[in-house]
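*Asks:* Take this structure, written in structure tokens, and hold onto it; I'll ask about it next.
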Amino acid sequence: MKKCAVINDLSGFGKCSLTAAIPVLSVMGCEAHPLPTAILSNQTGYKSYRVLSMTDYMQAFMNEWRKLGVSFDGILTGYVCDEKQIDLINNFIDAFKCENTILAVDPVMADGGKLYDGFTDKMTDKIRTLCSRADIITPNVSELSILADEPFCKTINDIEKCVEKVKKLGIKNIIVTGFDENDRITNLVYSENDFTRISSKKYGGSFSGTGDLFVSIVLGAVMNGKSIISSVKLASSFLEKAIKYSDISDRNDGIDFERYLGDLAYEN
Ligand code: PXL
């Protein structure tokens, strides 16, 4: 079976990060191996939360994995709590990324034009450097603007300009998620030196965990041999359907994706 390391947090509520990535990768026929960056009572968008950071354990976990002699077809990285964790992720990539390993970096740091609680400028600089090692990155519009060191992108033209800047880091596949325009959500894909827009109908606003579901579906599909474009189409249509039929009273709770996971089983 394909093996994917998932470096992300475990949040008790919010249906994001590991609680989104593990079921998606599993149903797509890939083993998900979590290296937790933190354990949270709930994700940080809620008014209150408690965090147990795993910074002091991550290197020891990696050392044990080295002893097991494991290797990975995919590495997926997401939420980090501090600068040191980004250094540790770089160590992980040095130790475990082989020639055929697909590295997907989701530069989780902001949404709605605002950095998430606890993120510093130094962390955003390090996340930019981490992105330069990736095969695929999946910033949302806020994260792309930060990576490009530009004001918040307001138009698809602004986004294309920022992608032109960010691609100079040497990244082959840049998928900008969730550009919100009237009644549609557009994902702008830069791949094989070309831009493609993949859009879906918009239902409601932005919800916790959708970025984590998106990157997990894309990486699962790419590991299963699909092209970047068809992987993004799959992720986009899955999210459109799951959001459409979700019953959401608080955006922080995430979406009812569990009901539709079965659809992804046919995409192995
Ligand atoms: O889905 C992004 C994310 C992941 N992990 C934690 C978060 C957030 C966004 O707020 O707080 C802990």
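For the structure tokens, the naming scheme is as follows: chains receive sequential letters (A, B, ...) according to their order of presentation, residues are indexed from 1 within each chain, and ligands are indexed from 1 in presentation order.
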Output the neighbourhood of ligand 1 as a ChimeraX atom specification, that is, all protein and nucleic acid residues with some atom at most 9 Å from the ligand, counting only C-alpha atoms and all ligand atoms.
*Replies:* /A:8-11,14-18,38-40,42-46,51,78-81,108-111,116-117,207-213,252
*Asks:* Write to file, as a compact mmCIF listing (two decimals), in the first residue's frame, the residues of the selection just made, with N, CA and C atoms.
*Replies:*
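Final output, selection.txt:
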# COMPACT_ATOMS: atom_id res chain seq x y z
N ASN A 8 0.90 17.03 11.22
CA ASN A 8 -0.19 17.98 11.43
C ASN A 8 -0.71 17.82 12.85
N ASP A 9 -1.62 18.71 13.27
CA ASP A 9 -2.11 18.62 14.65
C ASP A 9 -3.33 17.72 14.75
N LEU A 10 -3.59 17.30 15.99
CA LEU A 10 -4.80 16.53 16.30
C LEU A 10 -5.70 17.43 17.14
N SER A 11 -6.78 17.89 16.52
CA SER A 11 -7.71 18.78 17.23
C SER A 11 -8.99 18.03 17.57
N GLY A 14 -13.40 20.66 15.47
CA GLY A 14 -13.06 21.52 14.33
C GLY A 14 -12.88 20.74 13.04
N LYS A 15 -12.85 19.40 13.14
CA LYS A 15 -12.74 18.53 11.95
C LYS A 15 -11.72 19.06 10.94
N CYS A 16 -10.49 19.19 11.41
CA CYS A 16 -9.43 19.71 10.54
C CYS A 16 -8.18 18.85 10.73
N SER A 17 -7.11 19.25 10.05
CA SER A 17 -5.79 18.62 10.24
C SER A 17 -5.88 17.09 10.21
N LEU A 18 -5.38 16.40 11.24
CA LEU A 18 -5.32 14.94 11.20
C LEU A 18 -6.70 14.29 11.15
N ALA A 38 0.89 18.86 17.44
CA ALA A 38 0.26 19.34 18.68
C ALA A 38 -1.03 18.58 18.89
N ILE A 39 -1.46 18.58 20.14
CA ILE A 39 -2.80 18.06 20.44
C ILE A 39 -3.58 19.23 21.02
N LEU A 40 -4.72 19.50 20.41
CA LEU A 40 -5.52 20.65 20.87
C LEU A 40 -6.90 20.18 21.33
N ASN A 42 -9.44 21.85 20.72
CA ASN A 42 -10.24 22.24 19.56
C ASN A 42 -9.39 23.21 18.75
N GLN A 43 -9.71 23.40 17.47
CA GLN A 43 -8.85 24.28 16.66
C GLN A 43 -8.89 25.73 17.15
N THR A 44 -7.94 26.53 16.68
CA THR A 44 -7.71 27.84 17.30
C THR A 44 -8.71 28.93 16.88
N GLY A 45 -9.62 28.60 15.97
CA GLY A 45 -10.62 29.58 15.56
C GLY A 45 -11.71 29.79 16.61
N TYR A 46 -11.90 28.82 17.48
CA TYR A 46 -12.88 28.98 18.57
C TYR A 46 -12.36 30.02 19.57
N VAL A 51 -3.63 23.90 24.11
CA VAL A 51 -2.71 23.21 23.20
C VAL A 51 -1.64 22.47 23.99
N GLY A 78 1.22 20.29 7.49
CA GLY A 78 0.18 21.30 7.70
C GLY A 78 0.51 22.23 8.85
N TYR A 79 -0.34 22.21 9.87
CA TYR A 79 -0.27 23.18 10.97
C TYR A 79 0.95 22.97 11.87
N VAL A 80 1.64 24.07 12.14
CA VAL A 80 2.76 24.04 13.10
C VAL A 80 2.51 25.07 14.19
N CYS A 81 3.12 24.84 15.37
CA CYS A 81 2.89 25.74 16.51
C CYS A 81 4.01 26.75 16.71
N VAL A 108 -0.26 26.28 6.08
CA VAL A 108 -1.33 26.71 6.99
C VAL A 108 -0.82 27.86 7.86
N MET A 109 -1.37 29.06 7.68
CA MET A 109 -0.96 30.18 8.53
C MET A 109 -1.98 31.32 8.59
N ALA A 110 -2.93 31.34 7.65
CA ALA A 110 -3.84 32.48 7.63
C ALA A 110 -5.13 32.14 6.90
N ASP A 111 -6.14 32.97 7.13
CA ASP A 111 -7.39 32.89 6.36
C ASP A 111 -8.09 34.24 6.47
N TYR A 116 -3.37 33.22 11.53
CA TYR A 116 -3.97 32.48 12.64
C TYR A 116 -3.26 32.87 13.94
N ASP A 117 -3.99 32.69 15.02
CA ASP A 117 -3.48 32.96 16.35
C ASP A 117 -2.11 32.30 16.54
N PHE A 207 -15.22 27.36 5.92
CA PHE A 207 -15.44 26.44 7.04
C PHE A 207 -14.14 25.79 7.48
N SER A 208 -14.05 25.51 8.74
CA SER A 208 -12.87 24.84 9.29
C SER A 208 -12.60 23.53 8.56
N GLY A 209 -11.34 23.28 8.27
CA GLY A 209 -10.92 21.96 7.77
C GLY A 209 -11.03 21.75 6.27
N THR A 210 -11.65 22.67 5.55
CA THR A 210 -11.82 22.42 4.11
C THR A 210 -10.46 22.39 3.38
N GLY A 211 -9.53 23.23 3.82
CA GLY A 211 -8.19 23.21 3.22
C GLY A 211 -7.48 21.89 3.48
N ASP A 212 -7.67 21.33 4.68
CA ASP A 212 -7.04 20.06 5.05
C ASP A 212 -7.65 18.91 4.25
N LEU A 213 -8.98 18.93 4.07
CA LEU A 213 -9.64 17.90 3.25
C LEU A 213 -9.13 18.01 1.82
N ASN A 252 -16.61 27.07 12.71
CA ASN A 252 -15.49 26.41 13.38
C ASN A 252 -15.67 24.89 13.52
*Asks:* Please tabulate, as a tab-separated table, the residues of stretch 183-239 of chain A that come within 10 Å of stretch 135-158 of chain A, each with its closest pair of atoms and the distance in Å to one decimal, counting only C-alpha atoms and ordering rows by chain, then residue number upward.
*Replies:*
residue	atom	partner	partner_atom	distance
A:Thr186	CA	A:Ile156	CA	9.0
A:Asn187	CA	A:Asn140	CA	8.8
A:Leu188	CA	A:Ile156	CA	8.3
A:Val189	CA	A:Thr138	CA	9.3
A:Tyr190	CA	A:Ile136	CA	9.8
A:Ser191	CA	A:Ile136	CA	9.2
A:Arg197	CA	A:Ile156	CA	9.7
A:Gly211	CA	A:Asn140	CA	7.7
A:Asp212	CA	A:Thr138	CA	9.4
A:Phe214	CA	A:Thr138	CA	8.5
A:Val215	CA	A:Thr138	CA	6.6
A:Val218	CA	A:Ile136	CA	9.3
A:Leu219	CA	A:Ile136	CA	8.5
A:Ile228	CA	A:Ile136	CA	9.1
*Asks:* Using only C-alpha atoms, determine which residues lie at most 12 Å from A:Tyr245, disregarding the query and same-chain residues fewer than 5 positions distant; provide the list as number ranges by chain.
*Replies:* A: 203-204, 238-240, 255-260
*Asks:* Would you save the residues of that selection, restricted to N, CA and C atoms, as a PDB file, in the first residue's frame?
*Replies:*
ATOM      1  N   TYR A 203     -21.513  27.474  -1.578  1.00  0.00           N
ATOM      2  CA  TYR A 203     -22.619  27.330  -0.628  1.00  0.00           C
ATOM      3  C   TYR A 203     -22.118  27.852   0.710  1.00  0.00           C
ATOM      4  N   GLY A 204     -22.614  28.993   1.141  1.00  0.00           N
ATOM      5  CA  GLY A 204     -22.187  29.548   2.439  1.00  0.00           C
ATOM      6  C   GLY A 204     -20.795  30.149   2.373  1.00  0.00           C
ATOM      7  N   PHE A 238     -15.788  17.120  -4.477  1.00  0.00           N
ATOM      8  CA  PHE A 238     -16.098  16.507  -3.181  1.00  0.00           C
ATOM      9  C   PHE A 238     -16.525  17.593  -2.178  1.00  0.00           C
ATOM     10  N   LEU A 239     -15.736  18.668  -2.128  1.00  0.00           N
ATOM     11  CA  LEU A 239     -16.041  19.734  -1.156  1.00  0.00           C
ATOM     12  C   LEU A 239     -17.353  20.435  -1.501  1.00  0.00           C
ATOM     13  N   GLU A 240     -17.592  20.645  -2.788  1.00  0.00           N
ATOM     14  CA  GLU A 240     -18.847  21.306  -3.189  1.00  0.00           C
ATOM     15  C   GLU A 240     -20.039  20.514  -2.656  1.00  0.00           C
ATOM     16  N   ILE A 255     -17.233  20.750   8.304  1.00  0.00           N
ATOM     17  CA  ILE A 255     -18.342  20.319   7.445  1.00  0.00           C
ATOM     18  C   ILE A 255     -18.637  18.829   7.642  1.00  0.00           C
ATOM     19  N   ASP A 256     -19.799  18.401   7.130  1.00  0.00           N
ATOM     20  CA  ASP A 256     -20.231  16.997   7.308  1.00  0.00           C
ATOM     21  C   ASP A 256     -19.620  16.106   6.213  1.00  0.00           C
ATOM     22  N   PHE A 257     -18.282  16.077   6.188  1.00  0.00           N
ATOM     23  CA  PHE A 257     -17.626  15.355   5.085  1.00  0.00           C
ATOM     24  C   PHE A 257     -17.727  13.839   5.199  1.00  0.00           C
ATOM     25  N   GLU A 258     -17.921  13.361   6.454  1.00  0.00           N
ATOM     26  CA  GLU A 258     -17.890  11.911   6.703  1.00  0.00           C
ATOM     27  C   GLU A 258     -18.886  11.162   5.832  1.00  0.00           C
ATOM     28  N   ARG A 259     -20.066  11.810   5.627  1.00  0.00           N
ATOM     29  CA  ARG A 259     -21.144  11.176   4.881  1.00  0.00           C
ATOM     30  C   ARG A 259     -20.745  10.854   3.440  1.00  0.00           C
ATOM     31  N   TYR A 260     -19.773  11.572   2.907  1.00  0.00           N
ATOM     32  CA  TYR A 260     -19.442  11.434   1.476  1.00  0.00           C
ATOM     33  C   TYR A 260     -18.101  10.752   1.237  1.00  0.00           C
TER      34      TYR A 260
END
*Asks:* As an MDAnalysis selection string, list the residues of stretch 63-228 of chain A assigned to strand (DSSP E) by DSSP on the backbone atoms of this structure.
*Replies:* chainID A and resid 74:77 102:105 110:111 114:115 136:137 173:181 184:191 194:201
*Asks:* Generate the output file for the selected residues, N, CA and C atoms, as a short mmCIF file (atom, residue, chain, number, x, y, z; two decimals), in the first residue's frame.
*Replies:*
data_model
loop_
_atom_site.label_atom_id
_atom_site.label_comp_id
_atom_site.auth_asym_id
_atom_site.auth_seq_id
_atom_site.Cartn_x
_atom_site.Cartn_y
_atom_site.Cartn_z
N GLY A 74 4.34 9.50 0.09
CA GLY A 74 3.90 10.89 0.20
C GLY A 74 4.21 11.44 1.58
N ILE A 75 4.46 12.75 1.63
CA ILE A 75 4.60 13.46 2.91
C ILE A 75 3.68 14.67 2.81
N LEU A 76 2.83 14.82 3.84
CA LEU A 76 1.90 15.94 3.86
C LEU A 76 2.15 16.75 5.12
N THR A 77 2.43 18.03 4.98
CA THR A 77 2.65 18.85 6.18
C THR A 77 1.60 19.96 6.26
N ILE A 102 6.33 12.16 -2.91
CA ILE A 102 5.66 13.42 -3.26
C ILE A 102 5.48 14.23 -1.97
N LEU A 103 6.06 15.41 -1.95
CA LEU A 103 5.95 16.28 -0.77
C LEU A 103 4.90 17.37 -1.02
N ALA A 104 3.81 17.31 -0.26
CA ALA A 104 2.78 18.35 -0.34
C ALA A 104 2.86 19.21 0.91
N VAL A 105 3.09 20.49 0.73
CA VAL A 105 3.14 21.41 1.86
C VAL A 105 1.89 22.30 1.81
N ALA A 110 -2.93 31.34 7.65
CA ALA A 110 -3.84 32.48 7.63
C ALA A 110 -5.13 32.14 6.90
N ASP A 111 -6.14 32.97 7.13
CA ASP A 111 -7.39 32.89 6.36
C ASP A 111 -8.09 34.24 6.47
N LYS A 114 -6.10 37.26 7.50
CA LYS A 114 -5.55 37.37 8.87
C LYS A 114 -4.73 36.14 9.23
N LEU A 115 -3.56 36.38 9.85
CA LEU A 115 -2.74 35.26 10.34
C LEU A 115 -3.51 34.54 11.45
N ILE A 136 4.17 20.04 -4.32
CA ILE A 136 2.83 20.63 -4.42
C ILE A 136 2.64 21.54 -3.21
N ILE A 137 2.16 22.77 -3.44
CA ILE A 137 1.71 23.58 -2.30
C ILE A 137 0.26 23.99 -2.53
N ASN A 173 4.09 22.75 -8.71
CA ASN A 173 2.62 22.72 -8.67
C ASN A 173 2.12 23.62 -7.54
N ILE A 174 1.44 24.69 -7.93
CA ILE A 174 0.89 25.61 -6.92
C ILE A 174 -0.63 25.63 -7.11
N ILE A 175 -1.33 25.23 -6.07
CA ILE A 175 -2.79 25.20 -6.16
C ILE A 175 -3.34 26.22 -5.17
N VAL A 176 -3.87 27.30 -5.69
CA VAL A 176 -4.41 28.34 -4.81
C VAL A 176 -5.89 28.04 -4.61
N THR A 177 -6.25 27.85 -3.35
CA THR A 177 -7.61 27.38 -3.07
C THR A 177 -8.54 28.53 -2.65
N GLY A 178 -9.81 28.34 -2.98
CA GLY A 178 -10.87 29.14 -2.38
C GLY A 178 -10.95 30.61 -2.75
N PHE A 179 -10.68 30.95 -4.04
CA PHE A 179 -10.92 32.36 -4.42
C PHE A 179 -12.43 32.54 -4.56
N ASP A 180 -12.92 33.48 -3.79
CA ASP A 180 -14.35 33.66 -3.62
C ASP A 180 -14.84 34.78 -4.54
N GLU A 181 -15.66 34.42 -5.54
CA GLU A 181 -16.12 35.42 -6.51
C GLU A 181 -17.60 35.19 -6.78
N ARG A 184 -19.34 31.69 -6.91
CA ARG A 184 -18.45 30.57 -7.24
C ARG A 184 -17.16 30.62 -6.43
N ILE A 185 -16.59 29.43 -6.19
CA ILE A 185 -15.28 29.31 -5.54
C ILE A 185 -14.32 28.76 -6.59
N THR A 186 -13.24 29.50 -6.83
CA THR A 186 -12.28 29.07 -7.85
C THR A 186 -10.98 28.64 -7.21
N ASN A 187 -10.45 27.53 -7.72
CA ASN A 187 -9.09 27.09 -7.36
C ASN A 187 -8.23 27.35 -8.59
N LEU A 188 -7.15 28.07 -8.40
CA LEU A 188 -6.27 28.35 -9.53
C LEU A 188 -5.07 27.41 -9.45
N VAL A 189 -4.91 26.62 -10.51
CA VAL A 189 -3.84 25.62 -10.51
C VAL A 189 -2.73 26.07 -11.45
N TYR A 190 -1.52 26.14 -10.90
CA TYR A 190 -0.35 26.35 -11.76
C TYR A 190 0.39 25.02 -11.78
N SER A 191 0.47 24.42 -12.97
CA SER A 191 1.12 23.11 -13.10
C SER A 191 1.61 22.97 -14.53
N ASP A 194 1.53 26.05 -16.73
CA ASP A 194 0.25 26.52 -17.25
C ASP A 194 -0.72 26.83 -16.12
N PHE A 195 -1.63 27.75 -16.35
CA PHE A 195 -2.67 28.05 -15.37
C PHE A 195 -3.99 27.41 -15.78
N THR A 196 -4.69 26.81 -14.82
CA THR A 196 -6.03 26.26 -15.07
C THR A 196 -6.93 26.70 -13.92
N ARG A 197 -8.15 27.11 -14.26
CA ARG A 197 -9.10 27.48 -13.19
C ARG A 197 -10.12 26.38 -13.04
N ILE A 198 -10.30 25.93 -11.81
CA ILE A 198 -11.29 24.89 -11.54
C ILE A 198 -12.25 25.43 -10.50
N SER A 199 -13.51 25.62 -10.90
CA SER A 199 -14.40 26.26 -9.93
C SER A 199 -15.61 25.40 -9.62
N SER A 200 -16.22 25.75 -8.51
CA SER A 200 -17.43 25.03 -8.09
C SER A 200 -18.41 26.05 -7.54
N LYS A 201 -19.66 25.60 -7.35
CA LYS A 201 -20.67 26.51 -6.84
C LYS A 201 -20.42 26.77 -5.35
#
*Asks:* Need the shell around A:Cys30: protein/DNA/RNA residues with any atom at most 10 Å away, counting only C-alpha atoms. Skip same-chain ones fewer than 4 positions apart. Format as a list of chain:residue names?
*Replies:*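 With the cut-off at 10 Å, the set is A:Met1, A:Lys2, A:Lys3, A:Cys4, A:Ile22, A:Pro23, A:Val24, A:Leu25, A:Ser26, A:Asp73, A:Gly74, A:Leu219, A:Gly220, A:Ala221, A:Met223, A:Asn224, A:Asn268.
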*Asks:* Could you take the residues named above and write them with C-alpha atoms, as a CSV table (one decimal), in the first residue's frame?
*Replies:*
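The result, stored in result-v4.csv:
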chain,number,residue,atom,x,y,z
A,1,MET,CA,0.0,0.0,0.0
A,2,LYS,CA,1.0,3.6,-0.5
A,3,LYS,CA,2.3,5.2,2.7
A,4,CYS,CA,1.8,8.8,3.6
A,22,ILE,CA,-6.5,10.4,8.1
A,23,PRO,CA,-10.0,9.3,7.0
A,24,VAL,CA,-9.5,10.8,3.5
A,25,LEU,CA,-6.2,9.1,2.9
A,26,SER,CA,-7.5,5.8,4.3
A,73,ASP,CA,5.3,7.6,-1.0
A,74,GLY,CA,3.9,10.9,0.2
A,219,LEU,CA,-2.3,14.1,-2.5
A,220,GLY,CA,-4.2,10.8,-2.2
A,221,ALA,CA,-5.3,11.1,-5.8
A,223,MET,CA,-0.3,9.1,-5.1
A,224,ASN,CA,-2.8,6.9,-6.8
A,268,ASN,CA,-8.3,4.6,-6.0
*Asks:* When distances are computed from only C-alpha atoms, which of A:Lys168, A:Asp82, A:Leu234, A:Asp94 shows the smallest separation from A:Tyr266?
*Replies:*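 Going through A:Lys168, A:Asp82, A:Leu234, A:Asp94 one by one, the smallest distance to A:Tyr266 is for A:Leu234.
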*Asks:* Hey, can you check how far atom CA of A:Val70 sits from atom CA of A:Leu130?
*Replies:* 22.3 Å
*Asks:* What is the atom CA of A:Gly170 to atom CA of A:Ala134 distance in Å?
*Replies:*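 These two atoms are separated by 8.7 Å.
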*Asks:* Smallest atom-to-atom distance to A:Ser48: which of A:Ala242, A:Val222, A:Phe13, A:Pro107, using only C-alpha atoms?
*Replies:* A:Phe13
*Asks:* With distances taken over only C-alpha atoms, which of A:Lys47, A:Phe96, A:Glu192, A:Met54 is nearest to A:Asp250?
*Replies:* A:Lys47
*Asks:* Measuring between only C-alpha atoms, which one of A:Val166, A:Val6, A:Ile93, A:Ile243 shows the shortest distance to A:Leu35?
*Replies:*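 Comparing A:Val166, A:Val6, A:Ile93, A:Ile243 against A:Leu35, the winner is A:Val6.
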*Asks:* Tell me, which residues of stretch 10-236 of chain A carry DSSP alpha helix (DSSP H), written as a ChimeraX atom specification?
*Replies:* /A:17-27,55-68,83-96,121-131,141-147,156-166,210-223,228-236
